[in-house]
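protein27.cif (mmCIF, C-alpha atoms and all ligand atoms)
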data_final
loop_
_atom_site.label_atom_id
_atom_site.label_comp_id
_atom_site.auth_asym_id
_atom_site.auth_seq_id
_atom_site.Cartn_x
_atom_site.Cartn_y
_atom_site.Cartn_z
CA MET A 152 99.40 154.02 123.90
CA ASN A 153 99.51 150.24 123.46
CA VAL A 154 99.12 148.40 126.72
CA VAL A 155 98.34 144.96 128.13
CA LEU A 156 96.75 144.99 131.58
CA PHE A 157 97.97 141.72 132.99
CA GLY A 158 97.13 139.79 136.15
CA PRO A 159 95.22 136.83 137.56
CA PRO A 160 91.43 136.61 137.41
CA GLY A 161 90.08 139.12 139.94
CA ALA A 162 93.17 141.35 139.96
CA GLY A 163 90.99 144.32 138.97
CA LYS A 164 91.86 144.52 135.26
CA GLY A 165 88.31 145.22 134.11
CA THR A 166 87.70 147.72 136.93
CA GLN A 167 90.84 149.69 136.07
CA ALA A 168 90.41 149.34 132.31
CA LYS A 169 87.01 151.08 132.40
CA GLU A 170 88.59 154.17 133.98
CA LEU A 171 91.73 154.08 131.85
CA SER A 172 89.82 153.69 128.61
CA GLN A 173 87.89 156.91 129.33
CA LYS A 174 90.87 158.84 130.62
CA TYR A 175 93.16 158.00 127.69
CA ASP A 176 90.43 157.58 125.05
CA ILE A 177 91.55 154.15 123.89
CA PRO A 178 89.34 151.05 123.63
CA HIS A 179 89.20 148.49 126.42
CA ILE A 180 89.46 145.11 124.73
CA SER A 181 88.46 142.31 127.08
CA THR A 182 88.48 138.89 125.45
CA GLY A 183 86.31 137.60 128.32
CA ASP A 184 83.67 140.29 127.58
CA ILE A 185 83.78 139.50 123.85
CA LEU A 186 83.34 135.77 124.53
CA ARG A 187 80.48 136.39 127.00
CA ALA A 188 78.71 138.61 124.45
CA ASN A 189 78.98 135.72 121.98
CA VAL A 190 77.61 133.27 124.55
CA ARG A 191 74.61 135.59 125.17
CA GLU A 192 73.98 135.99 121.45
CA GLY A 193 74.25 132.21 120.91
CA THR A 194 76.82 132.53 118.11
CA GLU A 195 78.84 129.53 116.97
CA LEU A 196 81.88 130.97 118.77
CA GLY A 197 79.81 131.50 121.93
CA LEU A 198 78.52 127.92 121.93
CA LYS A 199 82.03 126.57 121.57
CA ALA A 200 83.57 128.94 124.15
CA LYS A 201 80.93 128.29 126.82
CA GLU A 202 82.03 124.66 127.28
CA TYR A 203 85.47 125.85 128.36
CA MET A 204 84.42 128.97 130.26
CA ASP A 205 81.95 127.12 132.51
CA LYS A 206 84.72 124.74 133.59
CA GLY A 207 87.24 127.52 134.21
CA GLU A 208 89.41 126.31 131.31
CA LEU A 209 90.94 128.41 128.57
CA VAL A 210 89.25 128.59 125.18
CA PRO A 211 91.64 127.14 122.52
CA ASP A 212 94.42 129.44 121.36
CA GLN A 213 93.47 129.45 117.68
CA VAL A 214 89.99 130.78 118.48
CA LEU A 215 91.40 133.65 120.54
CA ILE A 216 94.17 134.51 118.09
CA GLY A 217 91.66 134.98 115.23
CA LEU A 218 89.37 136.99 117.49
CA ILE A 219 92.05 139.39 118.74
CA LYS A 220 93.49 139.96 115.26
CA ASP A 221 90.08 141.05 113.95
CA ARG A 222 89.50 143.29 116.97
CA LEU A 223 92.88 145.04 116.78
CA GLU A 224 92.27 145.86 113.14
CA GLU A 225 89.14 147.87 114.01
CA PRO A 226 89.52 151.63 113.38
CA ASP A 227 89.04 152.56 117.06
CA CYS A 228 92.46 151.04 117.82
CA ALA A 229 94.21 153.67 115.70
CA ASN A 230 95.44 155.62 118.76
CA GLY A 231 96.10 152.63 120.94
CA TYR A 232 94.42 149.86 122.89
CA LEU A 233 94.15 148.40 126.34
CA LEU A 234 94.14 144.60 126.31
CA ASP A 235 92.52 142.78 129.26
CA GLY A 236 92.56 138.99 129.45
CA TYR A 237 94.75 138.51 126.39
CA PRO A 238 97.34 137.05 126.01
CA ARG A 239 96.93 134.14 128.44
CA THR A 240 99.38 131.61 126.97
CA ILE A 241 102.81 131.73 125.33
CA PRO A 242 101.35 130.85 121.87
CA GLN A 243 98.85 133.73 122.27
CA ALA A 244 101.69 136.10 123.18
CA ASP A 245 103.78 134.96 120.21
CA ALA A 246 100.80 135.43 117.90
CA LEU A 247 100.16 138.88 119.38
CA THR A 248 103.71 139.97 118.64
CA GLY A 249 103.26 138.88 115.01
CA ILE A 250 99.89 140.65 114.66
CA LEU A 251 101.19 143.87 116.24
CA ASN A 252 104.24 143.92 113.99
CA GLU A 253 102.00 143.40 110.97
CA ILE A 254 99.74 146.32 111.90
CA ASN A 255 102.64 148.42 113.22
CA LYS A 256 101.27 148.89 116.74
CA PRO A 257 103.90 147.33 119.02
CA LEU A 258 103.34 147.13 122.76
CA ASP A 259 104.53 149.97 124.99
CA SER A 260 104.03 148.14 128.23
CA VAL A 261 102.63 145.10 130.03
CA ILE A 262 101.30 146.25 133.40
CA ASN A 263 101.24 143.34 135.83
CA MET A 264 98.75 143.74 138.70
CA GLY A 265 99.83 141.58 141.64
CA VAL A 266 97.18 140.36 144.14
CA GLY A 267 97.35 137.34 146.53
CA ASP A 268 95.21 134.22 146.00
CA GLU A 269 92.90 134.53 149.02
CA GLU A 270 92.11 138.17 148.17
CA LEU A 271 91.37 137.05 144.59
CA VAL A 272 88.90 134.43 145.83
CA LYS A 273 87.13 137.06 147.98
CA ARG A 274 86.99 139.51 145.08
CA LEU A 275 85.69 137.00 142.55
CA SER A 276 83.13 135.35 144.81
CA GLY A 277 81.64 138.77 145.66
CA ARG A 278 81.80 140.14 142.12
CA ARG A 279 78.60 141.21 140.42
CA SER A 280 78.77 141.89 136.71
CA CYS A 281 76.77 143.79 134.14
CA LYS A 282 76.49 142.85 130.50
CA CYS A 283 77.79 146.34 129.61
CA GLY A 284 81.18 145.22 131.00
CA GLU A 285 81.10 147.01 134.39
CA SER A 286 81.84 144.98 137.48
CA TYR A 287 81.08 145.62 141.13
CA HIS A 288 81.69 143.92 144.46
CA ILE A 289 79.07 143.30 147.11
CA MET A 290 81.40 144.73 149.80
CA PHE A 291 84.40 146.47 148.23
CA ASN A 292 82.76 148.33 145.35
CA SER A 293 79.00 148.21 145.64
CA PRO A 294 76.69 149.92 143.12
CA LYS A 295 74.63 152.96 144.20
CA GLU A 296 71.46 150.88 144.02
CA GLU A 297 71.71 147.20 144.96
CA GLY A 298 71.69 144.93 141.90
CA VAL A 299 71.65 147.82 139.40
CA CYS A 300 74.55 148.98 137.20
CA ASN A 301 75.57 152.62 137.86
CA ALA A 302 76.68 153.02 134.26
CA CYS A 303 73.77 151.66 132.23
CA GLY A 304 70.97 150.79 134.69
CA GLY A 305 71.20 147.11 133.69
CA GLN A 306 70.54 144.29 136.14
CA LEU A 307 73.67 142.88 137.78
CA TYR A 308 74.31 139.14 137.83
CA GLN A 309 76.83 136.67 139.24
CA ARG A 310 78.93 135.02 136.55
CA ASP A 311 78.64 131.22 136.35
CA ASP A 312 82.44 130.98 136.64
CA ASP A 313 82.52 133.11 139.83
CA ARG A 314 81.57 130.09 142.01
CA GLU A 315 84.30 129.06 144.42
CA ASP A 316 85.10 125.68 142.80
CA VAL A 317 85.42 127.25 139.34
CA ILE A 318 87.40 130.20 140.78
CA ARG A 319 90.00 127.79 142.22
CA GLN A 320 90.27 126.05 138.85
CA ARG A 321 90.74 129.40 137.07
CA LEU A 322 93.51 130.35 139.48
CA ALA A 323 95.22 126.97 138.87
CA VAL A 324 94.98 127.53 135.10
CA TYR A 325 96.41 131.03 135.58
CA ASN A 326 99.40 129.67 137.54
CA ASP A 327 100.05 126.93 135.00
CA LYS A 328 99.45 128.63 131.64
CA THR A 329 99.40 132.41 132.11
CA LYS A 330 101.88 133.25 134.88
CA PRO A 331 104.87 132.22 132.69
CA LEU A 332 104.11 135.31 130.61
CA ILE A 333 105.48 137.46 133.45
CA GLU A 334 108.97 136.16 132.71
CA TYR A 335 108.27 136.28 128.96
CA TYR A 336 107.44 139.99 129.02
CA ASP A 337 110.13 140.78 131.59
CA ASN A 338 112.69 139.27 129.21
CA ALA A 339 111.22 141.43 126.43
CA GLY A 340 111.77 144.53 128.62
CA LEU A 341 108.04 145.34 128.65
CA LEU A 342 106.92 144.31 132.15
CA VAL A 343 106.01 146.87 134.83
CA ASN A 344 104.70 145.63 138.19
CA VAL A 345 102.02 147.40 140.24
CA ASP A 346 100.57 146.39 143.58
CA GLY A 347 96.96 145.52 142.75
CA ALA A 348 96.00 144.93 146.40
CA GLY A 349 95.36 148.57 147.33
CA LEU A 350 92.18 150.61 147.00
CA VAL A 351 90.79 151.01 143.47
CA ASP A 352 91.79 154.69 143.28
CA SER A 353 95.32 154.15 144.52
CA VAL A 354 95.91 151.30 142.03
CA LEU A 355 94.51 153.59 139.32
CA ALA A 356 96.94 156.38 140.28
CA ASP A 357 99.88 153.95 140.08
CA ILE A 358 98.83 152.73 136.62
CA CYS A 359 98.30 156.29 135.37
CA LYS A 360 101.84 157.18 136.38
CA ILE A 361 103.04 154.43 134.04
CA MET A 362 100.64 155.21 131.21
CA ASP A 363 101.38 158.94 131.29
CA GLN A 364 104.86 158.10 130.00
CA TYR A 365 103.36 156.83 126.72
CA LYS A 366 101.02 159.76 125.98
P1 LIG B 401 89.45 141.11 136.57
O1 LIG B 401 88.92 141.90 135.39
O2 LIG B 401 90.92 141.27 136.73
O3 LIG B 401 89.02 139.67 136.58
P2 LIG B 401 87.62 142.82 138.12
O4 LIG B 401 88.03 144.18 137.71
O5 LIG B 401 86.34 142.30 137.57
O6 LIG B 401 88.82 141.75 137.88
O7 LIG B 401 87.59 142.81 139.71
C1 LIG B 401 87.21 141.61 140.43
C2 LIG B 401 86.36 142.00 141.63
O8 LIG B 401 87.16 142.71 142.56
C3 LIG B 401 85.19 142.92 141.28
O9 LIG B 401 84.12 142.54 142.12
C4 LIG B 401 85.70 144.31 141.62
O10 LIG B 401 84.65 145.19 142.00
C5 LIG B 401 86.64 144.03 142.78
N1 LIG B 401 87.81 144.91 142.81
C6 LIG B 401 88.51 145.40 141.76
N2 LIG B 401 89.55 146.15 142.18
C7 LIG B 401 89.52 146.11 143.55
C8 LIG B 401 90.33 146.69 144.58
N3 LIG B 401 91.41 147.43 144.29
N4 LIG B 401 90.00 146.42 145.86
C9 LIG B 401 88.91 145.65 146.15
N5 LIG B 401 88.11 145.09 145.23
C10 LIG B 401 88.40 145.32 143.94
P1 LIG B 402 87.82 136.75 132.01
O1 LIG B 402 86.58 137.53 131.75
O2 LIG B 402 89.07 137.41 131.49
O3 LIG B 402 87.94 136.30 133.45
O4 LIG B 402 87.67 135.41 131.14
C1 LIG B 402 86.61 134.50 131.39
C2 LIG B 402 86.87 133.20 130.64
O5 LIG B 402 86.90 133.45 129.21
C3 LIG B 402 88.20 132.51 130.93
O6 LIG B 402 88.16 131.71 132.11
C4 LIG B 402 88.40 131.67 129.65
O7 LIG B 402 87.56 130.53 129.65
C5 LIG B 402 87.86 132.62 128.57
N1 LIG B 402 88.93 133.49 128.03
C6 LIG B 402 88.99 134.85 128.08
N2 LIG B 402 90.11 135.31 127.50
C7 LIG B 402 90.78 134.20 127.07
C8 LIG B 402 92.03 133.99 126.41
N3 LIG B 402 92.83 135.02 126.08
N4 LIG B 402 92.39 132.72 126.12
C9 LIG B 402 91.60 131.69 126.44
N5 LIG B 402 90.44 131.80 127.07
C10 LIG B 402 90.01 133.05 127.40
#

Same coordinates, now as structure tokens:
Amino acid sequence: MNVVLFGPPGAGKGTQAKELSQKYDIPHISTGDILRANVREGTELGLKAKEYMDKGELVPDQVLIGLIKDRLEEPDCANGYLLDGYPRTIPQADALTGILNEINKPLDSVINMGVGDEELVKRLSGRRSCKCGESYHIMFNSPKEEGVCNACGGQLYQRDDDREDVIRQRLAVYNDKTKPLIEYYDNAGLLVNVDGAGLVDSVLADICKIMDQYK
């Protein structure tokens, strides 16, 4: 099952991907999580990426293309993968097609989660994240114990790019650079739309209906 979970920042990709990855036993590959892990570890990639991430800009395509190629070649992708946050530009999508043809794992589907801008701002400004990759919301999806991750017990934090000014910039970048991929994948016959504005469980049920077709 080879799937891209697509949508603007805050659409709920990470939230859904955690559940889907367990249910279908395929890895959740979030380029944002990989970049943040590199920032935390102070790697060369992390130092370079941070400059862009803090401003709400995209990290250059060539950096991401190399990173995703290496990740998709890992053995845990043998039965499929769930991409979250990649591709974000037409050159990234073109590169992905080439990589997937090379490794013979073409996409089954691009699931586009639609959510309106003001809801996205509310979701992102109330998001609390854990370094294990889980994310919560102070009102819509709060952890059992305030400030503590249900999954790993780690301390939750607010991402530097989840401040309102950076959120607005990220949404503008999404509209300019990433949204054109909706037409790109629609033309390729791969796009399936889901309403991402419902409750977490009802969005999950809608996505599972799509993914069950590829089992
Ligand atoms: P993305 O990975 O697409 O950027 P997240 O999965 O991190 O988005 O979700 C953004 C925020 O919105 C998080 O705080 C999350 O808890 C919350 N959230 C996710 N899905 C929903 C939903 N269906 N309804 C309300 N809040 C949600
Ligand atoms: P995310 O966790 O998906 O919201 O991504 C956080 C930030 O990481 C983005 O605002 C970008 O700066 C960077 N990033 C993540 N994925 C990509 C990508 N595919 N291309 C470029 N930059 C990315």

Taking all atoms listed in the file and a cut-off of 7 Å, can you tell me which residues surround ligand LIG 401 (chain B), written as a ChimeraX atom specification? /A:158-167,274-275,277-279,286-288,291-292,347-351,354

Write out as a ChimeraX atom specification which residues come within 12 Å of Leu171 in chain A when counting only C-alpha atoms, dropping same-chain ones fewer than 2 positions away. /A:152,154-156,164-169,173-180,231-235,352,354-363

If we count all atoms listed in the file, what is near Ala302 in chain A at a cut-off of 10 Å, once residues fewer than 5 positions away on the same chain are taken out, given as a ChimeraX atom specification? /A:281,283-285,294

Report as a ChimeraX atom specification all protein, DNA and RNA residues lying within 12 Å of range 247-254 of chain A, evaluated on only C-alpha atoms, omitting residues in the same chain fewer than 6 positions from it. /A:153-155,212-213,215-226,228-229,231-232,234,237-241,335-336,339

Would you pick out the contacts of Glu202 in chain A at 12 Å or less, using only C-alpha atoms, so that residues sharing its chain but fewer than 5 positions from it are not included, and give the list as a ChimeraX atom specification? /A:186-187,190,195-197,207-211,311-312

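Rounded to one decimal, atom O6 of ligand LIG 402 (chain B) and CA of Ala246 in chain A lie 19.4 Å from each other.
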
Atomic distance CA of Gly236 in chain A - CA of Val324 in chain A, expressed in Å with one decimal: 13.0 Å

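Of the residues listed (A:Lys273, A:Lys295, A:Arg321, A:Arg191), A:Arg321 shows the shortest atom-to-atom separation from ligand LIG 402 (chain B); distances use all atoms listed in the file.
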
Using all atoms listed in the file, which residue out of A:Ser172, A:Gln320, A:Asn255, A:Asn263 lies closest to ligand LIG 402 (chain B)? A:Gln320

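Counting all atoms listed in the file and comparing A:Leu342, A:Val261, A:Ile333, A:Ala323, the residue that lies closest to ligand LIG 402 (chain B) is A:Ala323.
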
Computed interatomic separation between CA of Tyr325 in chain A and atom O3 of ligand LIG 402 (chain B) (Å): 10.2 Å

Considering all atoms listed in the file, can you say which of A:Gly267, A:Pro257, A:Asp346, A:Ile318 comes closest to ligand LIG 402 (chain B)?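 Checking each of A:Gly267, A:Pro257, A:Asp346, A:Ile318 against ligand LIG 402 (chain B), counting all atoms listed in the file, the winner is A:Ile318.
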
Residue among A:Leu258, A:Met204, A:Met290, A:Leu341 lying closest to ligand LIG 402 (chain B), counting all atoms listed in the file: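 Of A:Leu258, A:Met204, A:Met290, A:Leu341, the one nearest ligand LIG 402 (chain B), counting all atoms listed in the file, is A:Met204.
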
Pick from A:Asp245, A:Glu315, A:Glu334, A:Asp205, whichever lies nearest to ligand LIG 402 (chain B) using only C-alpha atoms and all ligand atoms: A:Asp205
